[in-house]
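Visitor: So that we are looking at the same thing, I have put the structure below in structure tokens.
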Amino acid sequence: MASASGSFCGVCEAQDVVNEAAVWCPECNEGICTSCEKHHRASRGTKHHEVTSMNDYKQIPHTIANINQYCPEHDKKYQHYCSQHEKLCCPSCITKNHKKCDLLVIDEIIKTSKGSALFDIMEQSLKEIKKNIERIVEDRRQNLEAIKHQRQRFHADIKETREKINKHLDKLEQDIQQDIQVAEQKVISQINRFVQKVSDHGKTIDELQKNIAATKRFATDLQTFFGGKMFESKIQKEEEFMMSLIKDGCLQQLNLHWRVDAKMSDILSMTKIGEMSVIPKPSTISVTTDREKQAQQMIPKIPKTINDIHLTLLQKIEIPKREHRIVITGCTIMPSGKIVFADQLNDRLVIHNENGLFVCETPVSNCPVDVTCIDENTVAVTNNADALLHRNIQHRQ
Ligand SMILES: [Zn+2]
Ligand SMILES: [Zn+2]
Ligand SMILES: [Zn+2]
Ligand SMILES: [Zn+2]
């Protein structure tokens, strides 16, 4: 079979003539020029061959165009398809490798393939996937848009908060400045009042000094004697006044004091005014597949509630009878698939294999209530008194 490149007429090429191919015959597996095509259409051997225009043929993807009708190994036409090996087979292939395989006659299966629902489904699936991609891309784009808005809002929020803090601090500063001023004024007037009082006493002392000097110089002895007593009592009063100043704490040094509030120090020790993080939220986008159109796959899946659970009886397990009535109060499934039952009235654990057949049993005390798997060789058993661990349960008889 001539393996024409496709661009030139295979028939002419065989006669060393170069002619551009006008059509492609998949049966002959070669291109055919306009003049050879007339013979091809008329000749008894080839008149039923369906040809494709070269333009159309070139549009077929390479991998598909390379699927040949002839077996390259035996140069015979493929007649069967082996579904086990998923291979096209010529008669020689069958004898060699597929004698025992299930073979399908190609003519029969290909009749339906082109118009078959499979291609419709595939095309529909691709459309659906494309729609999903568009939806996902759009969803991501919207996400980006949302993030942009969030960023802008945060910027504004931070600025607004900052302005509020500034205003608040301005007000606090004004308040404390005022407080300081008020405190100073209070101290000033207190000290002034005091100085005034002390000065008044100073005047009294001046007066006394003057009077004593005059009395000393000009008064009679009798006057001096009695006057001296009067002056003495006045001086004593002034001394008492001086002592009272010390006693009443009037001479204490007054100081203004200011201490920064602890919360102000907290602000200064702050290293950041907020925390940034990215928080993923469950997606609301739905991804649909054509094959399971009814089952719209929401991401994430809505968890099933207990009402959605429907039980189906798979198997009945026969548990061997013992002295007492069998009362199964608990069971557990081991990693290997073995099932362990707690039989309360017979004080035992009963072990069945993954197919439900009895393997062995092991005695336990005090009416077991429930049993749960810890690992393949250990179960925990509760009874009415306590919880017990049982190891190597499968090996005990
Ligand atoms: Zn030709
Ligand atoms: Zn042909
Ligand atoms: Zn073959
Ligand atoms: Zn096979």
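A note on labels: chains of the structure tokens are A, B, ... as shown, every chain counts residues from 1, and ligands are counted from 1 in their shown order.
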List the spatial neighbours of segment 20-31 of chain A as a VMD selection string - criterion: any atom at most 12 Å away, only C-alpha atoms, same-chain residues fewer than 5 positions off excluded.

Guide: chain A and resid 1 to 14 36 to 38 40 to 41 45 to 60 64 to 72 75 to 78

Visitor: Output N, CA and C atoms for every residue in the selection just made, as a compact mmCIF listing (two decimals), in the first residue's frame.

Guide:
```txt
# COMPACT_ATOMS: atom_id res chain seq x y z
N MET A 1 0.84 -1.20 0.00
CA MET A 1 0.00 0.00 0.00
C MET A 1 0.87 1.25 0.00
N ALA A 2 0.64 2.13 -0.92
CA ALA A 2 1.44 3.36 -1.00
C ALA A 2 1.13 4.26 0.17
N SER A 3 2.16 4.73 0.82
CA SER A 3 1.90 5.63 1.92
C SER A 3 2.20 7.06 1.48
N ALA A 4 1.22 7.63 0.82
CA ALA A 4 1.43 8.96 0.28
C ALA A 4 1.49 9.98 1.39
N SER A 5 2.24 11.02 1.19
CA SER A 5 2.37 12.06 2.21
C SER A 5 1.05 12.78 2.39
N GLY A 6 0.20 12.67 1.36
CA GLY A 6 -1.09 13.31 1.49
C GLY A 6 -1.21 14.50 0.56
N SER A 7 -0.09 15.17 0.30
CA SER A 7 -0.17 16.38 -0.51
C SER A 7 -0.20 16.08 -2.00
N PHE A 8 0.35 14.94 -2.35
CA PHE A 8 0.43 14.61 -3.79
C PHE A 8 -0.35 13.35 -4.10
N CYS A 9 -0.68 13.19 -5.40
CA CYS A 9 -1.49 12.04 -5.83
C CYS A 9 -0.63 10.77 -5.75
N GLY A 10 -1.10 9.83 -4.98
CA GLY A 10 -0.37 8.59 -4.78
C GLY A 10 -0.29 7.76 -6.05
N VAL A 11 -1.37 7.79 -6.85
CA VAL A 11 -1.40 7.00 -8.09
C VAL A 11 -0.35 7.53 -9.06
N CYS A 12 -0.32 8.87 -9.22
CA CYS A 12 0.66 9.47 -10.12
C CYS A 12 2.08 9.26 -9.59
N GLU A 13 2.22 9.37 -8.27
CA GLU A 13 3.54 9.23 -7.66
C GLU A 13 4.14 7.87 -7.99
N ALA A 14 3.25 6.82 -8.01
CA ALA A 14 3.68 5.47 -8.33
C ALA A 14 4.20 5.39 -9.77
N CYS A 36 -6.98 11.35 -11.74
CA CYS A 36 -7.03 9.98 -11.22
C CYS A 36 -8.34 9.72 -10.48
N GLU A 37 -8.92 10.80 -9.91
CA GLU A 37 -10.14 10.64 -9.13
C GLU A 37 -11.28 10.13 -10.02
N LYS A 38 -11.27 10.56 -11.32
CA LYS A 38 -12.30 10.09 -12.26
C LYS A 38 -12.25 8.58 -12.37
N HIS A 40 -10.86 6.56 -10.23
CA HIS A 40 -11.14 6.03 -8.89
C HIS A 40 -12.65 5.90 -8.67
N ARG A 41 -13.39 6.92 -9.23
CA ARG A 41 -14.84 6.93 -9.05
C ARG A 41 -15.53 5.88 -9.94
N GLY A 45 -13.28 -1.61 -8.50
CA GLY A 45 -12.65 -1.87 -7.19
C GLY A 45 -12.75 -0.69 -6.23
N THR A 46 -12.87 0.51 -6.74
CA THR A 46 -12.76 1.68 -5.86
C THR A 46 -14.00 2.57 -5.89
N LYS A 47 -15.00 2.23 -6.73
CA LYS A 47 -16.10 3.19 -6.90
C LYS A 47 -16.93 3.38 -5.62
N HIS A 48 -16.83 2.44 -4.65
CA HIS A 48 -17.58 2.64 -3.40
C HIS A 48 -16.76 3.35 -2.33
N HIS A 49 -15.49 3.69 -2.67
CA HIS A 49 -14.65 4.39 -1.69
C HIS A 49 -15.17 5.81 -1.47
N GLU A 50 -15.32 6.19 -0.24
CA GLU A 50 -15.78 7.56 0.05
C GLU A 50 -14.57 8.45 0.25
N VAL A 51 -14.48 9.48 -0.63
CA VAL A 51 -13.30 10.35 -0.53
C VAL A 51 -13.65 11.65 0.20
N THR A 52 -12.58 12.30 0.67
CA THR A 52 -12.73 13.58 1.39
C THR A 52 -11.91 14.61 0.64
N SER A 53 -12.40 15.85 0.57
CA SER A 53 -11.61 16.89 -0.09
C SER A 53 -10.34 17.11 0.73
N MET A 54 -9.25 17.49 0.04
CA MET A 54 -7.96 17.64 0.73
C MET A 54 -8.06 18.67 1.84
N ASN A 55 -8.86 19.75 1.56
CA ASN A 55 -9.01 20.80 2.58
C ASN A 55 -9.61 20.23 3.86
N ASP A 56 -10.66 19.40 3.67
CA ASP A 56 -11.31 18.80 4.83
C ASP A 56 -10.36 17.82 5.51
N TYR A 57 -9.66 17.03 4.70
CA TYR A 57 -8.76 16.01 5.23
C TYR A 57 -7.69 16.65 6.12
N LYS A 58 -7.19 17.81 5.64
CA LYS A 58 -6.11 18.46 6.40
C LYS A 58 -6.58 19.00 7.75
N GLN A 59 -7.89 19.14 7.87
CA GLN A 59 -8.41 19.64 9.16
C GLN A 59 -8.49 18.54 10.22
N ILE A 60 -8.44 17.29 9.75
CA ILE A 60 -8.49 16.19 10.72
C ILE A 60 -7.20 16.22 11.55
N ILE A 64 -5.58 11.64 14.68
CA ILE A 64 -6.73 10.91 14.12
C ILE A 64 -6.41 10.45 12.70
N ALA A 65 -5.77 11.35 11.91
CA ALA A 65 -5.41 11.01 10.54
C ALA A 65 -4.44 9.84 10.51
N ASN A 66 -3.64 9.72 11.58
CA ASN A 66 -2.65 8.64 11.63
C ASN A 66 -3.28 7.28 11.93
N ILE A 67 -4.56 7.28 12.32
CA ILE A 67 -5.22 5.98 12.55
C ILE A 67 -5.49 5.38 11.17
N ASN A 68 -4.76 4.34 10.92
CA ASN A 68 -4.75 3.76 9.58
C ASN A 68 -5.79 2.66 9.45
N GLN A 69 -6.23 2.39 8.25
CA GLN A 69 -7.17 1.28 8.04
C GLN A 69 -6.41 -0.02 7.84
N TYR A 70 -5.10 0.10 7.65
CA TYR A 70 -4.28 -1.08 7.36
C TYR A 70 -3.29 -1.33 8.49
N CYS A 71 -3.09 -2.58 8.78
CA CYS A 71 -2.15 -2.95 9.83
C CYS A 71 -0.73 -2.75 9.29
N PRO A 72 0.06 -1.88 9.91
CA PRO A 72 1.41 -1.63 9.38
C PRO A 72 2.31 -2.85 9.49
N ASP A 75 0.31 -5.42 6.81
CA ASP A 75 -0.18 -4.80 5.59
C ASP A 75 -1.54 -5.35 5.16
N LYS A 76 -2.35 -5.69 6.13
CA LYS A 76 -3.70 -6.17 5.84
C LYS A 76 -4.70 -5.23 6.47
N LYS A 77 -5.90 -5.18 5.90
CA LYS A 77 -6.90 -4.27 6.42
C LYS A 77 -7.40 -4.76 7.79
N TYR A 78 -7.54 -3.77 8.72
CA TYR A 78 -8.11 -4.11 10.01
C TYR A 78 -9.56 -4.53 9.82
```

Visitor: List as a list in words the protein and nucleic acid residues near Lys131 of chain A, meaning an atom at most 10 Å away when only C-alpha atoms are counted, but skip any in the same chain fewer than 4 places from it.

Guide: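 My list of contacting residues is Ser125, Leu126, Lys127, Arg135, Ile136, Val137, Val287, Thr288 and Thr289 of chain A.
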
Visitor: Between A:Pro61, A:His80, A:Asp16, A:Gly274, which is the closest to ligand 3 once you count only C-alpha atoms and all ligand atoms?

Guide: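 The closest residue to ligand 3 is A:His80.
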
Visitor: Excluding segment 333-339 of chain A and its own-chain neighbours fewer than 3 positions away, which residues fall within 12 Å of it when counting only C-alpha atoms? Please give them as a tab-separated table (two decimals) with C-alpha atoms, in the first residue's frame.

Guide:
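Everything below was put into result22.tsv:
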```tsv
chain	number	residue	atom	x	y	z
A	317	ILE	CA	-25.51	-12.71	60.41
A	319	ILE	CA	-24.64	-15.79	65.78
A	330	GLY	CA	-22.97	-3.49	70.81
A	342	ALA	CA	-21.09	-7.84	72.50
A	349	LEU	CA	-17.63	-11.14	72.55
A	350	VAL	CA	-18.49	-12.94	69.30
A	351	ILE	CA	-16.19	-12.46	66.32
A	352	HIS	CA	-17.31	-12.99	62.73
A	353	ASN	CA	-15.24	-12.54	59.60
A	354	GLU	CA	-15.80	-9.90	56.90
A	355	ASN	CA	-18.22	-12.24	55.14
A	356	GLY	CA	-20.34	-12.57	58.26
A	357	LEU	CA	-19.18	-16.11	59.17
A	358	PHE	CA	-18.44	-17.06	62.78
A	359	VAL	CA	-14.73	-17.07	63.65
A	360	CYS	CA	-14.51	-17.38	67.43
A	361	GLU	CA	-15.77	-15.97	70.69
A	371	VAL	CA	-17.56	-2.75	72.26
A	372	THR	CA	-15.38	-0.51	70.10
A	373	CYS	CA	-12.29	-1.09	68.00
A	374	ILE	CA	-8.96	0.38	69.19
A	375	ASP	CA	-6.78	-1.39	66.63
A	376	GLU	CA	-6.80	-4.73	64.81
A	377	ASN	CA	-5.89	-6.65	67.99
A	378	THR	CA	-7.55	-4.53	70.66
A	379	VAL	CA	-11.10	-3.64	71.53
A	380	ALA	CA	-12.51	-1.67	74.45
A	393	ILE	CA	-9.31	-11.09	70.86
A	394	GLN	CA	-9.23	-13.01	67.60
```

Visitor: Hey, which residues sit close to ligand 4? Say within 12 Å, counting only C-alpha atoms and all ligand atoms, and write them as a list in words.

Guide: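 Answer in the requested format: His80, Tyr81, Cys82, Ser83, Gln84, His85, Glu86, Lys87, Leu88, Cys89, Cys90, Pro91, Cys93, Ile94, Thr95, Lys96, Asn97, His98, Lys99, Lys100, Cys101, Asp102, Leu103 and Leu104 of chain A.
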
Visitor: Using DSSP secondary structure from the backbone, list all helix (DSSP H, G or I) positions within segment 74-246 of chain A, as a ChimeraX atom specification.

Guide: /A:91-97,106-113,117-218,221-246

Visitor: Would you pick out the contacts of Cys367 of chain A at 6 Å or less, using only C-alpha atoms, so that residues sharing its chain but fewer than 2 positions from it are not included, and give the list as a PyMOL selection string?

Guide: chain A and resi 344+347+365+383

Visitor: Write out, as a PDB file, in the first residue's frame, the residues just selected, with C-alpha atoms.

Guide:
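After the write, selection.pdb holds the following:
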```
ATOM      1  CA  GLN A 344     -24.694  -9.212  77.079  1.00  0.00           C
ATOM      2  CA  ASP A 347     -20.909 -12.631  78.858  1.00  0.00           C
ATOM      3  CA  SER A 365     -17.155 -10.520  82.587  1.00  0.00           C
ATOM      4  CA  ASN A 383     -20.032  -3.204  81.100  1.00  0.00           C
TER       5      ASN A 383
END
```

Visitor: Give the strand (DSSP E or B) residues of segment 16-91 of chain A, as DSSP finds them on the backbone, and put them as a PyMOL selection string.

Guide: chain A and resi 20+23-25+30-32+52-53+70+77+80-82+87-89
